[in-house]
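Asker: One structure is given below, represented as structure tokens, and several questions about it will come after.
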Amino acid sequence: SDFQPFLRALPKCEHHMHLEGALSPEVLFKLAAKNNITLPQDDSAFASPESLLARYRRFTSLDDFLHYYYIGMSALITSTDFEDLAWDYFQHASSDGVCHSEVFFDPQAHLSRGISYETVVSGFSRACKRAENELGVSSMLISCFLRHLPAKDCLSVFEQEDVQKRYADGTVQGVGLDSSELAFPPENFVDLYSRAKECGLKLTAHAGEEAPASYIATALKELKVQRIDHGIKLVEDVELMERVAKEGTMLTVCPLSNVVLRCVDTIRDVPVRKLLDKGVKFSINSDDPAYFGGYCLDNYVAVQEAFGLSVAEWESIVRAGIEGSWCGDERKGELL
Ligand code: ADE
Ligand code: ZN
């Protein structure tokens with residue numbers, strides 16, 4: 001669109017992307033060959049990168065996507081695999097005009113395959129340093145816990161010595177909650193979040209992506225999260241929406257993801273206008289760019305095509321994204 005250069009030039013912050021969600025079918029097949037990983041032979045989607053990509057265009061739900069997402073990441077083995085994956089993402093982000101990115105990863109999805117936490121984090125953190133040095137993109141790593149697994153297993157991973165070490169040394173600075181939502185409500189994770197808060201970590205959780213607004217209320221009240229990932233169902237509860245607006249809690253909205261996973265029918269049904277009108281802060285994010293067919297800027301362009309926002313509205317969205325970031329005030333000052 002005509003707005004694309006303007007949207008690219010805005011000092012954008014991304015707050016909701018899963019590094020494992022940057023794994024394209026092409027890279028997945030290359031890594032599987034290199035690492036001798038056998039992809040499922042009973043699913044014809046895995047016949048070629050092209051057929052896999054075609055399958056991604058037909059996701060029917062969050063769970064349908066997650067099935068492919070967890071298989072995809074099984075090709076990641078060495079610390080260099082993780083580094084290359086994150087570096088590929090940061091290059092895309094930089095060329096989209098993203099200046100600061102707070103990125104998720106899923107430790108439990110690797111630990112369960114016998115990949116050590118240190119392998120994952122050392123690779124990702126090398127890419128973060130390189131992004132800072134070579135691209136001027138600042139970043140932060142956020143460890144997400146998988147809500148479809150028992151809460152006590154999440155807590156014991158959190159307490160692992162090698163995991164705690166990377167919180168203590170500042171390599172990983174936050175905790176999130178992701179994976180299948182509806183059957184796994186936030187209240188299951190009160191102990192995990194109270195420990196994470198004691199450790200001084202930043203707190204966020206996916207809530208109100210597929211599940212109702214009550215999950216957002218519980219994440220705020222019981223988990224004491226500082227941010228809500230997705231949160232599009234907030235508009236179903238006007239009173240809660242007014243409270244979120246008043247408290248200035250930011251939602252990390254992912255428009256293309258919501259359409260591809262059928263949480264909404266079209267981008268027009270992402271509640272961008274309602275959030276703006278009620279003064280709810282939100283940022284615009286890619287979630288799993290290799291799976292949903294677009295990086296950060298594609299999501300901005302899609303929102304502009306659907307809503308035709310004004311320059312002033314875009315500037316206020318981007319400013320809210322900078323202010324809602326978890327980087328220090330010095331970095332925020334450079335971005336503002
Ligand atoms: N893991 C990766 N992307 C996710 C999403 N959009 N919702 C829940 N879990 C996820
Ligand atoms: Zn997500």
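The chains in the structure tokens are called A, B, ... from first to last as shown; in each chain the residues are counted from 1, and the ligands are counted from 1 in the order shown.
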For ligand 2, return the neighbouring residues as a PyMOL selection string (distance at most 8 Å; only C-alpha atoms and all ligand atoms).
Answerer: chain A and resi 16-18+178-179+206+229-230+254+287-288
Asker: Got time to write the residues from that selection, C-alpha atoms, as a PDB file, in the first residue's frame?
Answerer:
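Dumped to result.pdb:
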ATOM      1  CA  HIS A  16       4.894 -11.124  20.662  1.00  0.00           C
ATOM      2  CA  MET A  17       6.840 -13.464  18.460  1.00  0.00           C
ATOM      3  CA  HIS A  18       7.926 -17.022  19.146  1.00  0.00           C
ATOM      4  CA  ASP A 178       1.496 -20.285  25.752  1.00  0.00           C
ATOM      5  CA  SER A 179       0.209 -23.352  23.840  1.00  0.00           C
ATOM      6  CA  HIS A 206      -1.354 -15.549  26.364  1.00  0.00           C
ATOM      7  CA  ASP A 229      -0.632 -11.613  24.804  1.00  0.00           C
ATOM      8  CA  HIS A 230      -3.379 -11.513  22.138  1.00  0.00           C
ATOM      9  CA  CYS A 254      -1.301 -10.477  16.306  1.00  0.00           C
ATOM     10  CA  ASP A 287       3.373 -14.266  16.567  1.00  0.00           C
ATOM     11  CA  ASP A 288       4.744 -17.071  14.334  1.00  0.00           C
TER      12      ASP A 288
END
Asker: If we count only C-alpha atoms, what is near A:Asp269 at a cut-off of 10 Å, once residues fewer than 3 positions away on the same chain are taken out, given as a PyMOL selection string?
Answerer: chain A and resi 232+255+258-259+263-266+272-273+306
Asker: Just the selected residues (C-alpha atoms), exported as a tab-separated table (two decimals), in the first residue's frame, please.
Answerer:
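Full text of result_14.tsv as output:
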chain	number	residue	atom	x	y	z
A	232	ILE	CA	-8.63	-9.85	21.51
A	255	PRO	CA	-3.71	-9.75	13.43
A	258	ASN	CA	-5.86	-14.36	14.46
A	259	VAL	CA	-7.12	-14.75	10.88
A	263	CYS	CA	-9.97	-16.65	15.96
A	264	VAL	CA	-11.56	-13.99	13.71
A	265	ASP	CA	-12.92	-14.17	10.15
A	266	THR	CA	-11.00	-11.22	8.70
A	272	VAL	CA	-8.40	-2.47	16.50
A	273	ARG	CA	-11.01	0.28	16.30
A	306	ALA	CA	-8.48	-2.97	6.90
Asker: Using DSSP on the backbone coordinates, identify all residues within stretch 39-275 of chain A classified as alpha helix (DSSP H); present the result as a PyMOL selection string.
Answerer: chain A and resi 49-56+62-72+79-95+107-111+117-130+151-159+161-168+190-198+213-222+238-247+255-260+272-275
Asker: Quick one: residues within 12 Å of A:Gln160, only C-alpha atoms counted, chain neighbours fewer than 3 positions away excluded, as JSON, numbers by chain?
Answerer: {"A": [107, 108, 111, 116, 117, 118, 153, 154, 155, 156, 157, 163, 164, 165, 166, 167]}
Asker: With N, CA and C atoms retained, could you export that selection as a short mmCIF file (atom, residue, chain, number, x, y, z; two decimals), in the first residue's frame?
Answerer:
data_model
loop_
_atom_site.label_atom_id
_atom_site.label_comp_id
_atom_site.auth_asym_id
_atom_site.auth_seq_id
_atom_site.Cartn_x
_atom_site.Cartn_y
_atom_site.Cartn_z
N PRO A 107 11.12 -23.42 26.23
CA PRO A 107 12.13 -24.35 26.74
C PRO A 107 11.63 -25.80 26.84
N GLN A 108 10.41 -25.98 27.33
CA GLN A 108 9.92 -27.35 27.57
C GLN A 108 9.79 -28.17 26.29
N LEU A 111 13.49 -29.34 25.97
CA LEU A 111 13.92 -30.23 27.07
C LEU A 111 13.31 -31.62 26.89
N SER A 116 19.33 -29.56 25.84
CA SER A 116 19.51 -28.86 27.12
C SER A 116 19.08 -27.39 27.01
N TYR A 117 18.69 -26.83 28.15
CA TYR A 117 18.31 -25.41 28.21
C TYR A 117 19.47 -24.54 27.73
N GLU A 118 20.68 -24.90 28.15
CA GLU A 118 21.86 -24.10 27.80
C GLU A 118 22.10 -24.09 26.28
N ASP A 153 5.10 -29.59 36.50
CA ASP A 153 6.25 -29.78 35.60
C ASP A 153 6.81 -28.43 35.15
N CYS A 154 5.92 -27.47 34.90
CA CYS A 154 6.36 -26.13 34.52
C CYS A 154 7.18 -25.52 35.66
N LEU A 155 6.68 -25.68 36.88
CA LEU A 155 7.39 -25.12 38.04
C LEU A 155 8.75 -25.79 38.22
N SER A 156 8.82 -27.11 38.00
CA SER A 156 10.14 -27.74 38.22
C SER A 156 11.14 -27.35 37.13
N VAL A 157 10.68 -27.10 35.92
CA VAL A 157 11.60 -26.55 34.90
C VAL A 157 12.06 -25.16 35.32
N VAL A 163 18.26 -23.17 34.44
CA VAL A 163 17.24 -22.18 34.07
C VAL A 163 17.37 -20.95 34.98
N GLN A 164 17.46 -21.20 36.28
CA GLN A 164 17.62 -20.11 37.25
C GLN A 164 18.87 -19.28 36.97
N LYS A 165 19.94 -19.97 36.55
CA LYS A 165 21.21 -19.27 36.28
C LYS A 165 21.03 -18.21 35.20
N ARG A 166 20.25 -18.52 34.16
CA ARG A 166 20.03 -17.58 33.05
C ARG A 166 19.03 -16.48 33.38
N TYR A 167 18.20 -16.68 34.42
CA TYR A 167 17.41 -15.56 34.93
C TYR A 167 18.34 -14.65 35.74
#
Asker: Tell me which of A:Lys30, A:Arg268, A:His148, A:Lys246 sits closest to ligand 1, counting only C-alpha atoms and all ligand atoms.
Answerer: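 Going through A:Lys30, A:Arg268, A:His148, A:Lys246 one by one, the smallest distance to ligand 1 is for A:His148.
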Asker: Quick one: pull the distance between atom CA of A:Leu297 and atom CA of A:Val137, Å, one decimal.
Answerer: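 Taking atom CA of A:Leu297 and atom CA of A:Val137, their separation equals 15.1 Å.
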Asker: Rank A:Gly136, A:Gly231, A:Pro5, A:Pro212 by their smallest atom-to-atom distance to ligand 1, using only C-alpha atoms and all ligand atoms, and report the top residue only.
Answerer: A:Gly231
Asker: In Å, rounded to a single decimal, give me how far atom CA of A:Ser79 is from atom 1 (N, counted along the ligand's line) of ligand 1.
Answerer: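 Going from atom 1 (N, counted along the ligand's line) of ligand 1 over to atom CA of A:Ser79, I get 20.7 Å.
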Asker: Report as a compact mmCIF listing (two decimals) with C-alpha atoms, in the first residue's frame all protein, DNA and RNA residues lying within 10 Å of A:Asn35, evaluated on only C-alpha atoms, omitting residues in the same chain fewer than 3 positions from it.
Answerer:
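Full text of result-v2.txt as output:
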# COMPACT_ATOMS: atom_id res chain seq x y z
CA PHE A 29 13.61 -29.55 5.71
CA LYS A 30 17.29 -28.51 5.55
CA LEU A 31 17.74 -28.93 9.31
CA ALA A 32 15.91 -32.27 9.34
CA THR A 38 12.65 -38.17 10.28
CA SER A 74 11.95 -31.08 16.46
CA ALA A 75 14.48 -30.38 13.67
CA LEU A 76 16.34 -27.89 15.91
CA ILE A 77 19.22 -29.70 17.63
CA THR A 78 22.45 -27.71 17.99
CA ASP A 81 20.52 -24.19 14.80
Asker: With a distance cut-off of 12 Å and only C-alpha atoms, select the neighbouring residues of A:Glu239, excluding the residue or stretch itself and same-chain residues fewer than 5 positions from it, and output the selection as a ChimeraX atom specification.
Answerer: /A:213-214,217,234,244-246,278
Asker: State, in Å with one decimal place, the distance from atom CA of A:Gly208 to atom CA of A:Leu335.
Answerer: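 Computing it gives 29.3 Å between the two atoms.
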Asker: So that I can see what lies close to A:Leu52, please list as a PDB file with N, CA and C atoms, in the first residue's frame the residues with an atom at most 10 Å from it, counting only C-alpha atoms and leaving out residues fewer than 2 positions away in the same chain.
Answerer:
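Dumped everything to selection.pdb:
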ATOM      1  N   SER A  24      10.880 -21.611   8.820  1.00  0.00           N
ATOM      2  CA  SER A  24      10.160 -21.816   7.557  1.00  0.00           C
ATOM      3  C   SER A  24      10.232 -23.288   7.143  1.00  0.00           C
ATOM      4  N   PRO A  25       9.292 -23.752   6.322  1.00  0.00           N
ATOM      5  CA  PRO A  25       9.354 -25.132   5.820  1.00  0.00           C
ATOM      6  C   PRO A  25      10.694 -25.435   5.149  1.00  0.00           C
ATOM      7  N   GLU A  26      11.213 -24.478   4.409  1.00  0.00           N
ATOM      8  CA  GLU A  26      12.481 -24.689   3.709  1.00  0.00           C
ATOM      9  C   GLU A  26      13.629 -24.974   4.688  1.00  0.00           C
ATOM     10  N   PHE A  29      13.165 -28.378   6.485  1.00  0.00           N
ATOM     11  CA  PHE A  29      13.610 -29.550   5.710  1.00  0.00           C
ATOM     12  C   PHE A  29      15.136 -29.646   5.683  1.00  0.00           C
ATOM     13  N   ASP A  43       1.818 -38.311   7.099  1.00  0.00           N
ATOM     14  CA  ASP A  43       1.127 -37.044   6.805  1.00  0.00           C
ATOM     15  C   ASP A  43       1.733 -36.480   5.521  1.00  0.00           C
ATOM     16  N   SER A  44       0.948 -36.489   4.449  1.00  0.00           N
ATOM     17  CA  SER A  44       1.475 -36.084   3.139  1.00  0.00           C
ATOM     18  C   SER A  44       1.892 -34.614   3.098  1.00  0.00           C
ATOM     19  N   ALA A  45       1.474 -33.832   4.105  1.00  0.00           N
ATOM     20  CA  ALA A  45       1.932 -32.434   4.178  1.00  0.00           C
ATOM     21  C   ALA A  45       3.451 -32.370   4.255  1.00  0.00           C
ATOM     22  N   PHE A  46       4.084 -33.406   4.824  1.00  0.00           N
ATOM     23  CA  PHE A  46       5.539 -33.405   4.985  1.00  0.00           C
ATOM     24  C   PHE A  46       6.279 -33.947   3.760  1.00  0.00           C
ATOM     25  N   ALA A  47       5.581 -34.071   2.628  1.00  0.00           N
ATOM     26  CA  ALA A  47       6.222 -34.553   1.399  1.00  0.00           C
ATOM     27  C   ALA A  47       7.286 -33.576   0.918  1.00  0.00           C
ATOM     28  N   SER A  48       7.059 -32.281   1.055  1.00  0.00           N
ATOM     29  CA  SER A  48       7.995 -31.269   0.552  1.00  0.00           C
ATOM     30  C   SER A  48       7.750 -29.959   1.290  1.00  0.00           C
ATOM     31  N   PRO A  49       8.719 -29.034   1.237  1.00  0.00           N
ATOM     32  CA  PRO A  49       8.482 -27.715   1.844  1.00  0.00           C
ATOM     33  C   PRO A  49       7.249 -27.032   1.258  1.00  0.00           C
ATOM     34  N   GLU A  50       7.022 -27.226  -0.041  1.00  0.00           N
ATOM     35  CA  GLU A  50       5.881 -26.575  -0.702  1.00  0.00           C
ATOM     36  C   GLU A  50       4.552 -27.118  -0.170  1.00  0.00           C
ATOM     37  N   ALA A  54       1.678 -25.167   1.993  1.00  0.00           N
ATOM     38  CA  ALA A  54       0.269 -25.187   1.568  1.00  0.00           C
ATOM     39  C   ALA A  54      -0.625 -25.634   2.730  1.00  0.00           C
ATOM     40  N   ARG A  55      -0.143 -26.600   3.527  1.00  0.00           N
ATOM     41  CA  ARG A  55      -0.910 -27.047   4.710  1.00  0.00           C
ATOM     42  C   ARG A  55      -1.045 -25.923   5.734  1.00  0.00           C
ATOM     43  N   TYR A  56       0.022 -25.118   5.905  1.00  0.00           N
ATOM     44  CA  TYR A  56      -0.031 -23.982   6.842  1.00  0.00           C
ATOM     45  C   TYR A  56      -1.128 -22.990   6.440  1.00  0.00           C
ATOM     46  N   ARG A  57      -1.412 -22.903   5.153  1.00  0.00           N
ATOM     47  CA  ARG A  57      -2.451 -21.961   4.702  1.00  0.00           C
ATOM     48  C   ARG A  57      -3.857 -22.475   4.991  1.00  0.00           C
ATOM     49  N   TYR A  68       1.631 -28.802  14.103  1.00  0.00           N
ATOM     50  CA  TYR A  68       2.725 -28.620  13.136  1.00  0.00           C
ATOM     51  C   TYR A  68       3.909 -27.863  13.748  1.00  0.00           C
ATOM     52  N   TYR A 291       4.802 -19.331   9.944  1.00  0.00           N
ATOM     53  CA  TYR A 291       3.591 -20.155   9.863  1.00  0.00           C
ATOM     54  C   TYR A 291       2.380 -19.359   9.386  1.00  0.00           C
TER      55      TYR A 291
END
Asker: Of the residues A:Ala312, A:Leu23, A:Ile37, A:Met140, which is the one nearest to ligand 1, using only C-alpha atoms and all ligand atoms?
Answerer: A:Leu23
Asker: Where does DSSP see strand (DSSP E or B) in stretch 188-299 of chain A, if you list the residues as an mmCIF file with C-alpha atoms, in the first residue's frame?
Answerer:
data_model
loop_
_atom_site.group_PDB
_atom_site.id
_atom_site.type_symbol
_atom_site.label_atom_id
_atom_site.label_comp_id
_atom_site.auth_asym_id
_atom_site.auth_seq_id
_atom_site.Cartn_x
_atom_site.Cartn_y
_atom_site.Cartn_z
ATOM 1 C CA LYS A 202 8.755 -9.597 33.782
ATOM 2 C CA LEU A 203 5.394 -11.385 33.532
ATOM 3 C CA THR A 204 3.069 -11.931 30.597
ATOM 4 C CA ALA A 205 0.638 -14.650 29.452
ATOM 5 C CA HIS A 206 -1.354 -15.549 26.364
ATOM 6 C CA ALA A 207 -4.998 -14.914 27.300
ATOM 7 C CA ARG A 227 0.903 -7.553 29.774
ATOM 8 C CA ILE A 228 -1.645 -9.707 27.930
ATOM 9 C CA ASP A 229 -0.632 -11.613 24.804
ATOM 10 C CA HIS A 230 -3.379 -11.513 22.138
ATOM 11 C CA MET A 250 -0.758 -3.424 26.974
ATOM 12 C CA LEU A 251 -2.186 -6.144 24.712
ATOM 13 C CA THR A 252 0.182 -7.710 22.188
ATOM 14 C CA VAL A 253 -2.177 -8.179 19.251
ATOM 15 C CA PHE A 282 -1.783 -2.463 22.197
ATOM 16 C CA SER A 283 1.100 -3.382 19.945
ATOM 17 C CA ILE A 284 0.983 -5.162 16.576
ATOM 18 C CA ASP A 287 3.373 -14.266 16.567
#
Asker: Which residue gives the smallest distance to A:Lys152 among A:Ser286, A:Gln304, A:Gln91, A:Asn188, with only C-alpha atoms counted?
Answerer: A:Asn188
Asker: Which one is closest to ligand 1: A:Lys274, A:His92, A:Arg262, A:Arg195? Count only C-alpha atoms and all ligand atoms.
Answerer: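 Closest residue, counting only C-alpha atoms and all ligand atoms: A:Arg262.
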